$ cat upload-v5.tsv   # TSV, C-alpha atoms and all ligand atoms
chain	number	residue	atom	x	y	z
A	9	MET	CA	0.00	0.00	0.00
A	10	ILE	CA	2.84	2.39	0.93
A	11	GLU	CA	4.86	1.25	-2.07
A	12	ASN	CA	1.85	1.86	-4.23
A	13	SER	CA	1.41	5.47	-3.16
A	14	GLU	CA	5.14	6.10	-3.66
A	15	ASN	CA	4.80	4.75	-7.16
A	16	LYS	CA	1.87	7.03	-7.71
A	17	GLU	CA	3.84	10.08	-6.59
A	18	GLU	CA	6.70	9.10	-8.83
A	19	LEU	CA	4.30	8.71	-11.73
A	20	LEU	CA	2.72	12.07	-11.00
A	21	ALA	CA	6.12	13.73	-10.84
A	22	GLN	CA	7.04	12.16	-14.17
A	23	ALA	CA	3.78	13.28	-15.72
A	24	ASP	CA	4.41	16.77	-14.41
A	25	GLY	CA	7.83	16.76	-16.02
A	26	VAL	CA	6.36	15.66	-19.35
A	27	VAL	CA	3.73	18.39	-19.20
A	28	ARG	CA	6.39	21.02	-18.53
A	29	THR	CA	8.55	19.80	-21.38
A	30	VAL	CA	5.60	19.80	-23.79
A	31	ARG	CA	4.67	23.30	-22.64
A	32	LEU	CA	8.22	24.52	-23.19
A	33	VAL	CA	8.35	23.00	-26.67
A	34	PHE	CA	5.04	24.64	-27.54
A	35	ILE	CA	6.22	28.03	-26.36
A	36	ILE	CA	9.37	27.73	-28.44
A	37	ILE	CA	7.38	26.63	-31.48
A	38	LEU	CA	4.98	29.56	-31.07
A	39	VAL	CA	7.47	32.26	-30.18
A	40	PHE	CA	10.12	31.40	-32.74
A	41	PRO	CA	8.04	32.14	-35.86
A	42	LEU	CA	6.78	35.35	-34.22
A	43	VAL	CA	10.34	36.53	-33.67
A	44	LEU	CA	11.21	35.59	-37.25
A	45	TYR	CA	8.10	37.33	-38.54
A	46	PHE	CA	8.79	40.59	-36.76
A	47	SER	CA	12.46	40.67	-37.64
A	48	SER	CA	11.67	40.06	-41.29
A	49	LYS	CA	9.04	42.78	-41.15
A	50	ILE	CA	11.58	45.27	-39.89
A	51	ASP	CA	13.96	44.30	-42.70
A	52	PHE	CA	11.15	44.71	-45.21
A	53	GLU	CA	10.27	48.20	-44.00
A	54	GLN	CA	13.90	49.27	-44.16
A	55	GLU	CA	14.11	47.95	-47.71
A	56	GLU	CA	11.05	49.99	-48.65
A	57	LEU	CA	12.57	53.12	-47.16
A	58	THR	CA	15.78	52.77	-49.16
A	59	LYS	CA	13.77	52.04	-52.30
A	60	VAL	CA	11.91	55.33	-51.95
A	61	GLU	CA	15.20	57.16	-51.55
A	62	GLU	CA	16.61	55.53	-54.68
A	63	GLY	CA	13.67	56.40	-56.93
A	64	PRO	CA	13.67	59.48	-59.13
A	65	ILE	CA	12.23	62.68	-57.69
A	66	ILE	CA	9.26	63.68	-59.79
A	67	GLU	CA	7.69	67.13	-59.65
A	68	ASN	CA	4.79	68.18	-61.89
A	69	GLY	CA	5.36	65.08	-64.01
A	70	ILE	CA	9.01	65.97	-64.64
A	71	ASP	CA	11.97	63.92	-63.43
A	72	VAL	CA	13.82	66.65	-61.54
A	73	GLU	CA	17.27	65.17	-62.01
A	74	ARG	CA	16.92	64.35	-65.71
A	75	GLY	CA	14.68	67.27	-66.67
A	76	LEU	CA	12.43	65.12	-68.85
A	77	ILE	CA	8.67	64.60	-68.70
A	78	VAL	CA	8.02	61.19	-67.14
A	79	ASP	CA	6.38	58.89	-69.69
A	80	ASP	CA	6.99	55.53	-71.36
A	81	ASN	CA	10.70	55.00	-72.13
A	82	TYR	CA	11.77	58.42	-70.90
A	83	GLU	CA	14.84	56.97	-69.22
A	84	MET	CA	15.93	55.39	-72.50
A	85	VAL	CA	15.29	58.71	-74.27
A	86	TYR	CA	17.39	60.43	-71.63
A	87	GLY	CA	20.21	57.93	-72.04
A	88	THR	CA	20.21	58.33	-75.82
A	89	CYS	CA	19.60	62.04	-76.19
A	90	SER	CA	21.88	63.31	-73.44
A	91	ALA	CA	24.91	61.35	-74.60
A	92	CYS	CA	26.40	64.21	-76.66
A	93	HIS	CA	24.74	67.37	-75.41
A	94	SER	CA	22.63	68.62	-72.55
A	95	ILE	CA	19.10	67.23	-72.47
A	96	ASP	CA	18.04	70.89	-72.34
A	97	LEU	CA	18.53	71.02	-76.11
A	98	VAL	CA	15.71	68.48	-76.33
A	99	THR	CA	13.38	69.93	-73.70
A	100	GLN	CA	13.71	73.50	-74.98
A	101	ASN	CA	12.60	72.37	-78.42
A	102	SER	CA	9.26	71.23	-79.68
A	103	ALA	CA	8.39	69.71	-83.00
A	104	THR	CA	6.02	67.41	-84.81
A	105	ARG	CA	6.96	63.77	-85.27
A	106	GLU	CA	8.31	64.63	-88.73
A	107	GLY	CA	10.27	67.51	-87.24
A	108	TRP	CA	11.93	65.27	-84.67
A	109	LYS	CA	12.59	62.63	-87.33
A	110	ASP	CA	14.28	65.26	-89.55
A	111	LEU	CA	16.39	66.40	-86.61
A	112	ILE	CA	17.53	62.85	-85.88
A	113	VAL	CA	18.41	62.38	-89.57
A	114	TRP	CA	20.31	65.69	-89.50
A	115	MET	CA	22.27	64.61	-86.42
A	116	GLN	CA	22.99	61.26	-88.06
A	117	GLU	CA	24.26	62.91	-91.25
A	118	THR	CA	26.29	65.68	-89.66
A	119	GLN	CA	26.85	64.95	-85.96
A	120	LYS	CA	27.76	61.26	-85.95
A	121	LEU	CA	24.51	60.19	-84.31
A	122	TRP	CA	24.30	56.44	-84.64
A	123	ASP	CA	21.46	54.33	-86.06
A	124	LEU	CA	18.88	54.23	-83.25
A	125	GLY	CA	17.41	50.91	-84.45
A	126	GLU	CA	14.14	49.87	-82.84
A	127	ASN	CA	14.47	52.64	-80.29
A	128	GLU	CA	13.88	55.30	-82.95
A	129	THR	CA	10.14	54.55	-83.05
A	130	LEU	CA	9.94	54.61	-79.24
A	131	ILE	CA	11.89	57.88	-79.07
A	132	LEU	CA	9.68	59.47	-81.74
A	133	ASP	CA	6.54	58.24	-79.91
A	134	TYR	CA	7.81	59.88	-76.75
A	135	LEU	CA	8.90	63.17	-78.36
A	136	GLU	CA	5.77	63.48	-80.47
A	137	LYS	CA	3.59	63.05	-77.40
A	138	ASN	CA	5.52	65.13	-74.88
A	139	TYR	CA	7.42	67.73	-76.91
A	140	ALA	CA	4.92	68.63	-79.59
A	141	PRO	CA	4.64	72.18	-80.92
A	142	LYS	CA	3.04	74.43	-78.32
A	143	LYS	CA	-0.62	75.17	-78.70
A	144	GLN	CA	-1.31	78.32	-80.69
A	145	GLY	CA	-1.78	81.43	-78.61
A	146	ARG	CA	-4.84	82.64	-80.52
A	147	ARG	CA	-8.13	81.08	-79.66
A	148	ALA	CA	-9.87	79.11	-82.38
A	149	PRO	CA	-12.47	81.09	-84.36
A	150	LEU	CA	-15.99	80.89	-83.00
A	151	LYS	CA	-18.20	78.27	-84.59
A	152	ASP	CA	-21.91	77.48	-84.47
A	153	VAL	CA	-22.83	80.64	-82.59
A	154	GLU	CA	-26.53	81.19	-82.15
A	155	TRP	CA	-26.84	84.94	-82.57
A	156	TYR	CA	-29.96	86.39	-81.08
A	157	GLU	CA	-32.19	88.77	-83.10
A	158	LEU	CA	-31.83	92.42	-82.33
A	201	LIG	C1	26.13	61.53	-81.40
A	201	LIG	C2	25.87	62.69	-80.59
A	201	LIG	C3	24.41	63.12	-80.44
A	201	LIG	C4	23.39	62.39	-79.90
A	201	LIG	C5	23.43	61.00	-79.33
A	201	LIG	C6	22.22	63.24	-79.96
A	201	LIG	N1	22.56	64.45	-80.49
A	201	LIG	FE1	21.34	66.06	-80.69
A	201	LIG	N2	22.87	67.14	-81.40
A	201	LIG	C7	24.16	66.71	-81.51
A	201	LIG	C8	24.99	67.84	-81.89
A	201	LIG	C9	26.50	67.78	-82.09
A	201	LIG	C10	24.15	68.97	-81.96
A	201	LIG	C11	24.53	70.39	-82.25
A	201	LIG	C12	24.83	71.00	-80.90
A	201	LIG	C13	25.06	72.44	-80.96
A	201	LIG	O1	24.61	73.08	-81.89
A	201	LIG	O2	25.66	72.92	-80.00
A	201	LIG	C14	22.82	68.50	-81.63
A	201	LIG	C15	21.71	69.31	-81.57
A	201	LIG	C16	20.47	68.91	-81.16
A	201	LIG	C17	19.32	69.78	-81.06
A	201	LIG	C18	19.27	71.27	-81.37
A	201	LIG	C19	19.06	71.44	-82.84
A	201	LIG	C20	18.99	72.89	-83.20
A	201	LIG	O3	18.29	73.17	-84.16
A	201	LIG	O4	19.63	73.70	-82.54
A	201	LIG	C21	18.27	69.02	-80.66
A	201	LIG	C22	16.84	69.47	-80.41
A	201	LIG	C23	18.77	67.68	-80.50
A	201	LIG	N3	20.11	67.65	-80.79
A	201	LIG	C24	17.99	66.62	-80.10
A	201	LIG	C25	18.48	65.35	-79.88
A	201	LIG	C26	17.66	64.23	-79.56
A	201	LIG	C27	16.15	64.26	-79.42
A	201	LIG	C28	18.47	63.16	-79.40
A	201	LIG	C29	18.09	61.74	-79.04
A	201	LIG	C30	17.40	61.02	-80.08
A	201	LIG	C31	19.84	63.62	-79.64
A	201	LIG	N4	19.80	64.95	-79.94
A	201	LIG	C32	20.97	62.83	-79.55
A	201	LIG	C33	24.63	65.45	-81.31
A	201	LIG	C34	23.90	64.41	-80.78

$ encode --input "upload-v5.tsv" --output "structure tokens"
Amino acid sequence: MIENSENKEELLAQADGVVRTVRLVFIIILVFPLVLYFSSKIDFEQEELTKVEEGPIIENGIDVERGLIVDDNYEMVYGTCSACHSIDLVTQNSATREGWKDLIVWMQETQKLWDLGENETLILDYLEKNYAPKKQGRRAPLKDVEWYEL
């Protein structure tokens, strides 16, 4: 009878030990991913911050550093058209698509501008859209006016 109760206590103590170990393992399993999650989140936020700093500064649709209107392929246009002279030569000018094409041909014939290959179409698309001749200062003539009888 005495031996029996000693056995029981021993069993209980063992069971208690098992419960503690299981609890400890559970805590580790739960806490570990949380720590990983939060540390990766901090890394992620820092990455986002540096990304913002690396991006171009854009004001009123113009890339401040490059001086070009931001649109499709503008970085390629910048790379190509600022190789020999300031990009200001481009941004201070405006022309129709044909006008820009003529200018490119002129630079190719006299200024050693290379064959632009497939990029020529993209560059002309960009210039035609963003550096077209300025709108005329005069308003268009009035049309379809309903004059009232005097
Ligand atoms: C291989 C060199 C070179 C490259 C690349 C180049 N240009 Fe030029 N460009 C010149 C030279 C040289 C002049 C004459 C500069 C001067 O008059 O001081 C010029 C002049 C110009 C002018 C002024 C023309 C005028 O009537 O005064 C414009 C606008 C121009 N380039 C646009 C462009 C565009 C758009 C591109 C990109 C497609 C480009 N350039 C790429 C060499 C180049």

$ residues_near_ligand --input "upload-v5.tsv" --ligand "ligand LIG 201 (chain A)" --cutoff "7 Å" --atoms "only C-alpha atoms and all ligand atoms" --output "list in words"
Val85, Thr88, Cys89, Ser90, Ala91, Cys92, His93, Leu97, Val98, Asn101, Trp108, Leu111, Ile112, Met115, Gln119, Lys120, Leu121, Trp122 and Ile131 of chain A

$ residues_around --input "upload-v5.tsv" --residues "Ser102 in chain A" --least-positions-apart "5" --cutoff "8 Å" --atoms "all atoms listed in the file" --output "PDB file with C-alpha atoms, keeping the file's coordinate frame"
ATOM      1  CA  TYR A 139       7.420  67.730 -76.910  1.00  0.00           C
ATOM      2  CA  ALA A 140       4.920  68.630 -79.590  1.00  0.00           C
ATOM      3  CA  PRO A 141       4.640  72.180 -80.920  1.00  0.00           C
ATOM      4  CA  LYS A 142       3.040  74.430 -78.320  1.00  0.00           C
TER       5      LYS A 142
END

$ atom_distance --input "upload-v5.tsv" --atom1 "CA of Asn138 in chain A" --atom2 "CA of Pro64 in chain A"
18.6 Å

$ closest_residue --input "upload-v5.tsv" --among "A:Met84, A:Leu19, A:Leu124, A:Leu135" --to "Glu106 in chain A" --atoms "all atoms listed in the file"
A:Leu135

$ atom_distance --input "upload-v5.tsv" --atom1 "CA of Ile66 in chain A" --atom2 "CA of Val78 in chain A"
7.9 Å

$ atom_distance --input "upload-v5.tsv" --atom1 "CA of Asp123 in chain A" --atom2 "CA of Asp79 in chain A"
22.7 Å

$ closest_residue --input "upload-v5.tsv" --among "A:Glu18, A:Thr99, A:Lys49, A:Asp24" --to "Asp71 in chain A" --atoms "all atoms listed in the file"
A:Thr99
